[in-house]
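Peer 1: Got a structure here, written out as structure tokens. Questions coming.
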Amino acid sequence: MKLHYFEHVPYEGLDRVGVWATQRGHGVSVTRFHAGDPLPELASIDALLIMGGPMGVYEAERFPWMKEEMHFIRQAIQEKKKVLGICLGSQLIAGALGANVYPHTQKEIGWWPVRFRPEAQKTPLKSFGTEAMMYHWHGDTFDLPKEAVWLASSAACKHQAYAIGNHVMALQCHPEITRETIGRWVQESGSIKNPSRFVMSEEQMTYLADGYLAVLGPPLFQFLDDFFTAPS
């Protein structure tokens, strides 16, 4: 399988999704929007992964590549390519399909449980069970696109996951991270100087990381296997 991913900033890459792709022997290519890379030919890829980033979908004038990116996402969905969006990626899919994306009333940063709705058990998300401790780092949220099936929520964020058919999956949370990811994001953003109800301190996030990451590894790989191999 030929997987292509969109990278918006150099410190938000594939992380454990990249480990999975290497182990499974999938080809991987990338468009680094922060480096001015061109988009691929849609016919040359089998699947699209859209990673995170600190920008908002409503900042398209500030990031002129974003409109072109969303056009490509819309085309990939129309052609029934497998499309997986994580955090900003989930928001870009929503925006590309005409849904509103906007600042949330609060940030959600750290380890918080995600509850999966009964509908999720009919999708590849079933590998995570009915509830899983997930890592979060976001301040925006979105309305569900038309035809999307709502699959998960958290205490701070109603829309944590949705799907469209068998070929589109969007996750607001970050199951792909590594322990090193947390440190990189803290260094780059500096946005957790004031922990709050849904914003953990760096020390707390790091302390919890090893245990939660160990638990998340197998269901993440199972989710990726199921999503990318199921017929579109």
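The way I read the labels, and the way they are meant: chains A, B, ... in the order of the structure tokens, residue 1 as the first residue of every chain, and ligand 1 as the first ligand shown, with later ones counted on from there.
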When DSSP is applied to the backbone of this structure, which of range 49-216 of chain A are assigned helix (DSSP H, G or I)? Write them out as an MDAnalysis selection string.

Peer 2: chainID A and resid 57:59 65:78 88:96 118:122 124:128 179:189 202:216

Peer 1: I need the residues in range 116-171 of chain A that are strand (DSSP E) according to DSSP; give them as an MDAnalysis selection string.

Peer 2: chainID A and resid 116 131:142 149:153 161:164 168:171

Peer 1: Could you take the residues named above and write them with N, CA and C atoms, as a PDB file, in the first residue's frame?

Peer 2:
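Saved file out_34.pdb follows:
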ATOM      1  N   PHE A 116     -16.115   5.572  23.666  1.00  0.00           N
ATOM      2  CA  PHE A 116     -16.550   5.216  22.318  1.00  0.00           C
ATOM      3  C   PHE A 116     -18.026   4.826  22.328  1.00  0.00           C
ATOM      4  N   GLU A 131     -13.839   2.343  26.116  1.00  0.00           N
ATOM      5  CA  GLU A 131     -13.195   3.532  26.668  1.00  0.00           C
ATOM      6  C   GLU A 131     -11.687   3.322  26.656  1.00  0.00           C
ATOM      7  N   ALA A 132     -10.936   4.380  26.337  1.00  0.00           N
ATOM      8  CA  ALA A 132      -9.484   4.289  26.308  1.00  0.00           C
ATOM      9  C   ALA A 132      -8.877   5.604  26.759  1.00  0.00           C
ATOM     10  N   MET A 133      -7.780   5.516  27.487  1.00  0.00           N
ATOM     11  CA  MET A 133      -7.052   6.709  27.893  1.00  0.00           C
ATOM     12  C   MET A 133      -6.221   7.179  26.712  1.00  0.00           C
ATOM     13  N   MET A 134      -6.533   8.373  26.206  1.00  0.00           N
ATOM     14  CA  MET A 134      -5.877   8.911  25.020  1.00  0.00           C
ATOM     15  C   MET A 134      -5.141  10.207  25.351  1.00  0.00           C
ATOM     16  N   TYR A 135      -4.158  10.520  24.516  1.00  0.00           N
ATOM     17  CA  TYR A 135      -3.436  11.779  24.661  1.00  0.00           C
ATOM     18  C   TYR A 135      -4.125  12.848  23.816  1.00  0.00           C
ATOM     19  N   HIS A 136      -4.196  14.058  24.354  1.00  0.00           N
ATOM     20  CA  HIS A 136      -4.873  15.165  23.671  1.00  0.00           C
ATOM     21  C   HIS A 136      -3.978  16.402  23.664  1.00  0.00           C
ATOM     22  N   TRP A 137      -4.095  17.158  22.581  1.00  0.00           N
ATOM     23  CA  TRP A 137      -3.452  18.475  22.543  1.00  0.00           C
ATOM     24  C   TRP A 137      -4.187  19.311  21.498  1.00  0.00           C
ATOM     25  N   HIS A 138      -5.238  19.972  21.931  1.00  0.00           N
ATOM     26  CA  HIS A 138      -5.999  20.773  20.970  1.00  0.00           C
ATOM     27  C   HIS A 138      -6.780  21.863  21.689  1.00  0.00           C
ATOM     28  N   GLY A 139      -7.089  22.910  20.938  1.00  0.00           N
ATOM     29  CA  GLY A 139      -7.902  23.998  21.452  1.00  0.00           C
ATOM     30  C   GLY A 139      -9.085  24.305  20.567  1.00  0.00           C
ATOM     31  N   ASP A 140      -9.204  23.580  19.447  1.00  0.00           N
ATOM     32  CA  ASP A 140     -10.308  23.775  18.505  1.00  0.00           C
ATOM     33  C   ASP A 140     -11.239  22.573  18.519  1.00  0.00           C
ATOM     34  N   THR A 141     -12.419  22.765  17.980  1.00  0.00           N
ATOM     35  CA  THR A 141     -13.355  21.677  17.786  1.00  0.00           C
ATOM     36  C   THR A 141     -14.118  21.918  16.489  1.00  0.00           C
ATOM     37  N   PHE A 142     -15.102  21.072  16.183  1.00  0.00           N
ATOM     38  CA  PHE A 142     -15.779  21.149  14.885  1.00  0.00           C
ATOM     39  C   PHE A 142     -17.184  20.589  14.989  1.00  0.00           C
ATOM     40  N   VAL A 149     -20.687   9.760  10.888  1.00  0.00           N
ATOM     41  CA  VAL A 149     -21.223   9.027  12.036  1.00  0.00           C
ATOM     42  C   VAL A 149     -20.360   9.379  13.246  1.00  0.00           C
ATOM     43  N   TRP A 150     -21.004   9.911  14.276  1.00  0.00           N
ATOM     44  CA  TRP A 150     -20.317  10.314  15.508  1.00  0.00           C
ATOM     45  C   TRP A 150     -19.932   9.066  16.292  1.00  0.00           C
ATOM     46  N   LEU A 151     -18.630   8.951  16.667  1.00  0.00           N
ATOM     47  CA  LEU A 151     -18.137   7.709  17.242  1.00  0.00           C
ATOM     48  C   LEU A 151     -17.580   7.816  18.656  1.00  0.00           C
ATOM     49  N   ALA A 152     -17.184   9.010  19.109  1.00  0.00           N
ATOM     50  CA  ALA A 152     -16.541   9.081  20.423  1.00  0.00           C
ATOM     51  C   ALA A 152     -16.608  10.492  20.978  1.00  0.00           C
ATOM     52  N   SER A 153     -16.445  10.584  22.309  1.00  0.00           N
ATOM     53  CA  SER A 153     -16.434  11.872  22.988  1.00  0.00           C
ATOM     54  C   SER A 153     -15.529  11.779  24.208  1.00  0.00           C
ATOM     55  N   ALA A 161     -14.292  11.620  17.604  1.00  0.00           N
ATOM     56  CA  ALA A 161     -14.059  10.750  16.445  1.00  0.00           C
ATOM     57  C   ALA A 161     -15.325  10.677  15.608  1.00  0.00           C
ATOM     58  N   TYR A 162     -15.126  10.519  14.295  1.00  0.00           N
ATOM     59  CA  TYR A 162     -16.249  10.288  13.396  1.00  0.00           C
ATOM     60  C   TYR A 162     -15.744   9.533  12.173  1.00  0.00           C
ATOM     61  N   ALA A 163     -16.681   8.951  11.454  1.00  0.00           N
ATOM     62  CA  ALA A 163     -16.351   8.208  10.237  1.00  0.00           C
ATOM     63  C   ALA A 163     -17.346   8.559   9.153  1.00  0.00           C
ATOM     64  N   ILE A 164     -16.898   8.392   7.935  1.00  0.00           N
ATOM     65  CA  ILE A 164     -17.771   8.527   6.764  1.00  0.00           C
ATOM     66  C   ILE A 164     -17.557   7.273   5.933  1.00  0.00           C
ATOM     67  N   VAL A 168     -13.248   6.906   5.463  1.00  0.00           N
ATOM     68  CA  VAL A 168     -12.814   8.134   6.147  1.00  0.00           C
ATOM     69  C   VAL A 168     -12.944   7.936   7.650  1.00  0.00           C
ATOM     70  N   MET A 169     -11.855   8.221   8.358  1.00  0.00           N
ATOM     71  CA  MET A 169     -11.855   8.154   9.815  1.00  0.00           C
ATOM     72  C   MET A 169     -11.143   9.393  10.343  1.00  0.00           C
ATOM     73  N   ALA A 170     -11.733  10.024  11.339  1.00  0.00           N
ATOM     74  CA  ALA A 170     -11.163  11.246  11.909  1.00  0.00           C
ATOM     75  C   ALA A 170     -11.109  11.123  13.424  1.00  0.00           C
ATOM     76  N   LEU A 171      -9.935  11.428  13.995  1.00  0.00           N
ATOM     77  CA  LEU A 171      -9.715  11.355  15.436  1.00  0.00           C
ATOM     78  C   LEU A 171      -9.216  12.694  15.944  1.00  0.00           C
TER      79      LEU A 171
END

Peer 1: If you take only C-alpha atoms and a cut-off of 12 Å, which residues of range 126-202 of chain A touch range 11-34 of chain A, and what are their nearest atom pairs and distances in Å to one decimal, in chain and number order, as a tab-separated table?

Peer 2:
residue	atom	partner	partner_atom	distance
A:Trp137	CA	A:Glu12	CA	11.4
A:His174	CA	A:Asp15	CA	10.2
A:Pro175	CA	A:Arg16	CA	8.3
A:Glu176	CA	A:Arg16	CA	5.0
A:Ile177	CA	A:Asp15	CA	5.7
A:Thr178	CA	A:Asp15	CA	6.4
A:Arg179	CA	A:Asp15	CA	9.9
A:Glu180	CA	A:Asp15	CA	9.4
A:Thr181	CA	A:Tyr11	CA	7.9
A:Ile182	CA	A:Tyr11	CA	10.2
A:Gly183	CA	A:Tyr11	CA	10.3
A:Arg184	CA	A:Tyr11	CA	6.7
A:Trp185	CA	A:Tyr11	CA	7.2
A:Val186	CA	A:Tyr11	CA	10.6
A:Gln187	CA	A:Tyr11	CA	10.0
A:Glu188	CA	A:Tyr11	CA	8.1
A:Ser189	CA	A:Tyr11	CA	10.5

Peer 1: Using the selection just defined, write its residues with C-alpha atoms as a PDB file, in the first residue's frame.

Peer 2:
ATOM      1  CA  TRP A 137      -3.452  18.475  22.543  1.00  0.00           C
ATOM      2  CA  HIS A 174      -3.506  11.500  19.427  1.00  0.00           C
ATOM      3  CA  PRO A 175      -3.045   7.706  19.658  1.00  0.00           C
ATOM      4  CA  GLU A 176       0.090   7.993  17.493  1.00  0.00           C
ATOM      5  CA  ILE A 177       2.365   9.798  19.935  1.00  0.00           C
ATOM      6  CA  THR A 178       5.561   8.607  21.580  1.00  0.00           C
ATOM      7  CA  ARG A 179       7.025   9.689  24.911  1.00  0.00           C
ATOM      8  CA  GLU A 180       9.400  11.984  23.030  1.00  0.00           C
ATOM      9  CA  THR A 181       6.449  13.636  21.288  1.00  0.00           C
ATOM     10  CA  ILE A 182       5.247  15.148  24.549  1.00  0.00           C
ATOM     11  CA  GLY A 183       8.560  16.851  25.206  1.00  0.00           C
ATOM     12  CA  ARG A 184       8.773  18.190  21.652  1.00  0.00           C
ATOM     13  CA  TRP A 185       5.301  19.691  21.787  1.00  0.00           C
ATOM     14  CA  VAL A 186       5.873  21.272  25.182  1.00  0.00           C
ATOM     15  CA  GLN A 187       9.113  22.819  23.929  1.00  0.00           C
ATOM     16  CA  GLU A 188       7.565  24.110  20.708  1.00  0.00           C
ATOM     17  CA  SER A 189       4.329  25.483  22.142  1.00  0.00           C
TER      18      SER A 189
END

Peer 1: Of the candidates A:Leu224, A:Thr130, A:Ser196, A:Ala94, which one gets nearest to Pro118 in chain A if we count only C-alpha atoms?

Peer 2: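 Once distances to Pro118 in chain A are computed over only C-alpha atoms, the minimum belongs to A:Thr130.
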
Peer 1: Cys87 in chain A: which residues within 7 Å, counting only C-alpha atoms, same-chain residues fewer than 2 positions away excluded, as an MDAnalysis selection string?

Peer 2: chainID A and resid 51:52 85 89:91 171:174

Peer 1: Env of Ile77 in chain A: 12 Å cut, atoms = only C-alpha atoms, seq-sep filter 4 positions within chain, self excluded. Answer as a list of chain:residue names.

Peer 2: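 Answer for this query is A:Leu42, A:Asp46, A:Ala47, A:Leu48, A:Leu49, A:Met70, A:His71, A:Phe72, A:Ile73, A:Lys81, A:Lys82, A:Val83, A:Leu84, A:Gly85, A:Ile93, A:Ala94, A:Ala96, A:Leu97, A:Ala163, A:Ile164, A:Gly165, A:Asn166, A:His167, A:Val168, A:Met169, A:Ser232.
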
Peer 1: Between A:Val215, A:Ile109, A:Leu220, A:Leu144, which residue has the minimum interatomic distance to Val199 in chain A, considering only C-alpha atoms?

Peer 2: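 Of A:Val215, A:Ile109, A:Leu220, A:Leu144, the one nearest Val199 in chain A, counting only C-alpha atoms, is A:Ile109.
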
Peer 1: Quick one, how far is CA of Tyr58 in chain A from CA of Val101 in chain A?

Peer 2: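 Spanning CA of Tyr58 in chain A to CA of Val101 in chain A is a straight-line distance of 6.8 Å.
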
Peer 1: Considering only C-alpha atoms, state which residue in the set A:Trp65, A:Phe227, A:Tyr212, A:Tyr207 is at the smallest distance from Lys122 in chain A.

Peer 2: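 Ranked by minimum distance to Lys122 in chain A, first place goes to A:Phe227.
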
Peer 1: Using CA of Ser127 in chain A and CA of Asp226 in chain A as the two end points, give the distance in Å to one decimal.

Peer 2: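 Going from CA of Ser127 in chain A over to CA of Asp226 in chain A, I get 8.9 Å.
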
Peer 1: Can you measure CA of Phe198 in chain A to CA of Glu108 in chain A for me? One decimal in Å is fine.

Peer 2: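 These atoms are spaced 5.1 Å apart.
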
Peer 1: Let me make sure I understand: among A:His159, A:Gly110, A:Gln222, A:Arg115, which one has the smallest atom-to-atom distance to Glu202 in chain A if we use only C-alpha atoms?

Peer 2: A:Gly110
